[in-house]
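Working notes, beginning with the structure itself.
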Amino acid sequence: MSGRGASGAKPAAVAPPLSRPSLTRGPPSPAEGGGKAEASQNIWPDALRAARLLATDPHGFGGAVVRAAPGPVRERWLDAVRAQLSPETPWRRLPSGIGDDSLLGGLDLAATLAAGRPVARAGLLAQADGGLIVVPMAERLPPGIAARLAGALDSGTASEHPARFGLILLDEGEGDEAVADALADRLAFRIDLSGLGIADCDAAAPRLEAPPAPEDDPLGTLCRLADAFGVASLRGPILAARVARALAAGEPIGPDAITAAARLVLAPRATRLPGPEAAMPEDAAAAPPPPAEDHAAEDAADPAPTDAAEDRVLEAVRAAIPPNLLDQLLAGGVRLSTAKAGRVGQPAAARKGRPIGSRRGDPRRGRLDLLATLRAAAPWQALRRGEGDTRPIVVRRDDLRIRILRQRTETTTVFCVDASGSAALERLAEAKGAVELLLAEAYVRRDRVALVAFRGAGAELVLPPTRSLTRAKRGLSGLPGGGGTPLAAGIDAALTVALGVRRSGSRPVIVLLTDGRANVARSGEGGRAKAGAEALQAARALRAAGLPALVIDTGARGEGARAVADAMAARYLVLPRADAGLLSAAVRAAL
């Protein structure tokens, strides 16, 4: 970002690139005041700033995706938004299973019957004109409702009624459940309060200081920032520009407003860290340097370099990247999640299973729900019966309802076994016995079991997901033991297997048996410090994937694997001398 020089200074023709070699190093450590420590300290103040901005212009900013479980922290943030709104501002809550008539508007049945003529009524979207709509469990929002909300946000209307509203999507999802990307992309703010406690909600929202000088090209700067952090959608920098304009409060947009806008809007959308600056072209490298007099004249015209300002902007945005996203970036890429209809891995239109409700549909493509069909047709009988009509009830195609059936989702237990060291044979014997016991029960529960073992320089899939007891015994019989402990590679392999299981529609559960003493890094190099850091990083990536896990500490003293269990938010058991029966019972009880 280029600053304003002294009087008579030569303005820069082209803004310098934002990706600099000094910014390609890892994030600053907590001891340096950066990384996760700084991000966690700024979560609540940034959330309050987003609440204040959203209350000033709900439709202009689109709204916010708030990832948090129900509790006092989330309610505190919602109260902060309502406190900024005027008393007459609409505040609506979207009911689950709302129909199109209630959402977009339709016929007012009571008024129509009383007046003897069609009387239209406004839907929820029109009722919220100028205000906010709160959507609980937004990760399970049906695709049709999400599409209607996105269309109303774009057009500002619903069934020819004005509907300029903002959305607060409460994301309570687990695993790969997430808000629909097409809807979340239209909202300026993404706030993750899942790691905060009520004691963290005492910090006040920061206020911008008066900027020393306006930015020459704020929109260009935000676009370059978006490109540096891999934000592909153009809505990102557009919404960030609106935020910067609002923070400037009518004054020229300065570096502080740009930094704050990038932290609030672009950082949660980041998909990569800034890469190294492009290498200098050969022609430029071979060109002779200009005369010393020219350097002196240029230095006199531009007294202050802009590198320090650029570094501050990028470091501020890097510090605002969510810690779980940063772990995934450093581990080798972001695992993008997408919203599904229904529960994770649950087919949207099951043909058999337990009935859990009904929906409008064709009985030729499902099972007719007779009671729900009659209930939908009953209110319209007075309008449908003509003179001399003797039919007891008139049913039309729009009244037909079919059952929603839920199938039981099978569970696949992925054992990740530490096969290293002198006690490897004992641990493997326990794991083999537990796998065989669980397989014997899988015939009744229709569940599966997989086994990943790690030793030496890497990990291997010993037993793919299976219900076959014969295949399991054959895969377990020749498993060797001994060598180093590549714990990070083992967790990565178990995560890969579990994600494949989840994509196939099954529910994965990871059971990690280890003493937690990692001494081999992903590259195969030895060293406890690096191997331990990579193991914790892999555990946090597993936690970010939302997979249920159980860590069984097999060390002689216990407590060695507790840090790994905390990093992956897993249940923790100390079973250093457990036999196969006790281990199997512990897995069933813990999960």
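Every chain in the structure tokens takes a letter, A first, then B, and so on in the order presented; its residues are numbered from 1, and the ligands are numbered from 1 following the presented order.
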
From the DSSP assignment of the backbone, select every residue of region 55-247 of chain A that is strand (DSSP E or B), and format the answer as a PDB file with N, CA and C atoms, in the first residue's frame.
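Written file, result.pdb:
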```
ATOM      1  N   GLY A  63     -25.588  -9.840   5.952  1.00  0.00           N
ATOM      2  CA  GLY A  63     -25.783 -10.560   7.194  1.00  0.00           C
ATOM      3  C   GLY A  63     -24.501 -11.220   7.658  1.00  0.00           C
ATOM      4  N   ALA A  64     -24.645 -12.256   8.494  1.00  0.00           N
ATOM      5  CA  ALA A  64     -23.495 -12.926   9.093  1.00  0.00           C
ATOM      6  C   ALA A  64     -23.797 -14.403   9.269  1.00  0.00           C
ATOM      7  N   VAL A  65     -22.756 -15.221   9.097  1.00  0.00           N
ATOM      8  CA  VAL A  65     -22.811 -16.642   9.445  1.00  0.00           C
ATOM      9  C   VAL A  65     -22.127 -16.784  10.795  1.00  0.00           C
ATOM     10  N   VAL A  66     -22.857 -17.215  11.803  1.00  0.00           N
ATOM     11  CA  VAL A  66     -22.341 -17.320  13.161  1.00  0.00           C
ATOM     12  C   VAL A  66     -22.236 -18.802  13.506  1.00  0.00           C
ATOM     13  N   ARG A  67     -21.021 -19.283  13.612  1.00  0.00           N
ATOM     14  CA  ARG A  67     -20.803 -20.698  13.955  1.00  0.00           C
ATOM     15  C   ARG A  67     -20.616 -20.804  15.459  1.00  0.00           C
ATOM     16  N   TRP A  91     -37.406  -7.885  13.543  1.00  0.00           N
ATOM     17  CA  TRP A  91     -36.511  -8.972  13.968  1.00  0.00           C
ATOM     18  C   TRP A  91     -37.348 -10.245  13.914  1.00  0.00           C
ATOM     19  N   ARG A  92     -37.067 -11.098  12.938  1.00  0.00           N
ATOM     20  CA  ARG A  92     -37.868 -12.297  12.737  1.00  0.00           C
ATOM     21  C   ARG A  92     -36.985 -13.539  12.870  1.00  0.00           C
ATOM     22  N   ARG A  93     -37.636 -14.651  13.197  1.00  0.00           N
ATOM     23  CA  ARG A  93     -36.949 -15.948  13.300  1.00  0.00           C
ATOM     24  C   ARG A  93     -37.583 -16.892  12.288  1.00  0.00           C
ATOM     25  N   GLY A 105     -45.223 -15.302   0.865  1.00  0.00           N
ATOM     26  CA  GLY A 105     -46.541 -14.672   0.833  1.00  0.00           C
ATOM     27  C   GLY A 105     -47.500 -15.502   0.012  1.00  0.00           C
ATOM     28  N   GLY A 106     -48.763 -15.354   0.298  1.00  0.00           N
ATOM     29  CA  GLY A 106     -49.762 -16.126  -0.426  1.00  0.00           C
ATOM     30  C   GLY A 106     -51.160 -15.684  -0.044  1.00  0.00           C
ATOM     31  N   LEU A 107     -52.077 -16.612  -0.080  1.00  0.00           N
ATOM     32  CA  LEU A 107     -53.479 -16.313   0.176  1.00  0.00           C
ATOM     33  C   LEU A 107     -53.750 -16.371   1.676  1.00  0.00           C
ATOM     34  N   ALA A 120     -54.556 -11.332  -0.334  1.00  0.00           N
ATOM     35  CA  ALA A 120     -53.144 -11.722  -0.225  1.00  0.00           C
ATOM     36  C   ALA A 120     -52.569 -11.256   1.099  1.00  0.00           C
ATOM     37  N   ARG A 121     -51.575 -11.967   1.546  1.00  0.00           N
ATOM     38  CA  ARG A 121     -50.860 -11.572   2.766  1.00  0.00           C
ATOM     39  C   ARG A 121     -49.363 -11.635   2.507  1.00  0.00           C
ATOM     40  N   ALA A 122     -48.619 -10.781   3.194  1.00  0.00           N
ATOM     41  CA  ALA A 122     -47.170 -10.735   3.034  1.00  0.00           C
ATOM     42  C   ALA A 122     -46.533 -11.910   3.766  1.00  0.00           C
ATOM     43  N   LEU A 132     -33.810  -7.859  10.230  1.00  0.00           N
ATOM     44  CA  LEU A 132     -32.976  -9.052  10.214  1.00  0.00           C
ATOM     45  C   LEU A 132     -33.824 -10.301  10.430  1.00  0.00           C
ATOM     46  N   ILE A 133     -33.393 -11.400   9.803  1.00  0.00           N
ATOM     47  CA  ILE A 133     -34.025 -12.707   9.971  1.00  0.00           C
ATOM     48  C   ILE A 133     -32.981 -13.644  10.555  1.00  0.00           C
ATOM     49  N   VAL A 134     -33.294 -14.274  11.679  1.00  0.00           N
ATOM     50  CA  VAL A 134     -32.417 -15.228  12.328  1.00  0.00           C
ATOM     51  C   VAL A 134     -32.814 -16.629  11.873  1.00  0.00           C
ATOM     52  N   VAL A 135     -31.843 -17.394  11.396  1.00  0.00           N
ATOM     53  CA  VAL A 135     -32.101 -18.740  10.860  1.00  0.00           C
ATOM     54  C   VAL A 135     -31.377 -19.754  11.734  1.00  0.00           C
ATOM     55  N   THR A 157     -36.826  -8.088  -3.141  1.00  0.00           N
ATOM     56  CA  THR A 157     -38.279  -8.242  -3.193  1.00  0.00           C
ATOM     57  C   THR A 157     -38.637  -9.701  -2.943  1.00  0.00           C
ATOM     58  N   ALA A 158     -39.909  -9.916  -2.557  1.00  0.00           N
ATOM     59  CA  ALA A 158     -40.458 -11.263  -2.380  1.00  0.00           C
ATOM     60  C   ALA A 158     -41.922 -11.201  -2.773  1.00  0.00           C
ATOM     61  N   HIS A 161     -43.391  -7.809  -3.103  1.00  0.00           N
ATOM     62  CA  HIS A 161     -43.364  -6.994  -1.886  1.00  0.00           C
ATOM     63  C   HIS A 161     -41.919  -6.585  -1.607  1.00  0.00           C
ATOM     64  N   PRO A 162     -41.666  -5.384  -1.095  1.00  0.00           N
ATOM     65  CA  PRO A 162     -40.296  -5.015  -0.708  1.00  0.00           C
ATOM     66  C   PRO A 162     -39.787  -5.948   0.390  1.00  0.00           C
ATOM     67  N   GLY A 166     -31.564  -8.511   6.181  1.00  0.00           N
ATOM     68  CA  GLY A 166     -30.293  -9.193   6.392  1.00  0.00           C
ATOM     69  C   GLY A 166     -30.531 -10.525   7.068  1.00  0.00           C
ATOM     70  N   LEU A 167     -29.577 -11.435   6.931  1.00  0.00           N
ATOM     71  CA  LEU A 167     -29.698 -12.781   7.490  1.00  0.00           C
ATOM     72  C   LEU A 167     -28.643 -13.003   8.565  1.00  0.00           C
ATOM     73  N   ILE A 168     -29.036 -13.651   9.641  1.00  0.00           N
ATOM     74  CA  ILE A 168     -28.101 -14.161  10.645  1.00  0.00           C
ATOM     75  C   ILE A 168     -28.262 -15.676  10.633  1.00  0.00           C
ATOM     76  N   LEU A 169     -27.301 -16.363  10.016  1.00  0.00           N
ATOM     77  CA  LEU A 169     -27.353 -17.813   9.883  1.00  0.00           C
ATOM     78  C   LEU A 169     -26.604 -18.444  11.054  1.00  0.00           C
ATOM     79  N   LEU A 170     -27.327 -19.126  11.919  1.00  0.00           N
ATOM     80  CA  LEU A 170     -26.727 -19.778  13.080  1.00  0.00           C
ATOM     81  C   LEU A 170     -26.302 -21.184  12.672  1.00  0.00           C
ATOM     82  N   ASP A 171     -25.004 -21.373  12.536  1.00  0.00           N
ATOM     83  CA  ASP A 171     -24.434 -22.634  12.073  1.00  0.00           C
ATOM     84  C   ASP A 171     -24.072 -23.478  13.290  1.00  0.00           C
ATOM     85  N   PHE A 189     -20.131 -11.143   6.807  1.00  0.00           N
ATOM     86  CA  PHE A 189     -19.381 -11.559   7.993  1.00  0.00           C
ATOM     87  C   PHE A 189     -19.528 -13.049   8.249  1.00  0.00           C
ATOM     88  N   ARG A 190     -18.425 -13.645   8.686  1.00  0.00           N
ATOM     89  CA  ARG A 190     -18.406 -15.038   9.130  1.00  0.00           C
ATOM     90  C   ARG A 190     -17.708 -15.054  10.475  1.00  0.00           C
ATOM     91  N   ILE A 191     -18.446 -15.431  11.507  1.00  0.00           N
ATOM     92  CA  ILE A 191     -17.976 -15.317  12.885  1.00  0.00           C
ATOM     93  C   ILE A 191     -17.983 -16.702  13.509  1.00  0.00           C
ATOM     94  N   ASP A 192     -16.867 -17.097  14.076  1.00  0.00           N
ATOM     95  CA  ASP A 192     -16.745 -18.402  14.742  1.00  0.00           C
ATOM     96  C   ASP A 192     -16.574 -18.161  16.238  1.00  0.00           C
TER      97      ASP A 192
END
```

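Going from CA of Thr89 (chain A) over to CA of Arg164 (chain A), you cover 11.9 Å.
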
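Between CA of Gly197 (chain A) and CA of Phe61 (chain A) there is a distance of 27.0 Å.
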
**OP:** Compare A:Leu400, A:Glu559, A:Ala569, A:Asp515 by their minimum atom-to-atom distance to Arg540 (chain A), counting only C-alpha atoms, and give me the closest one.
**Re:** A:Ala569
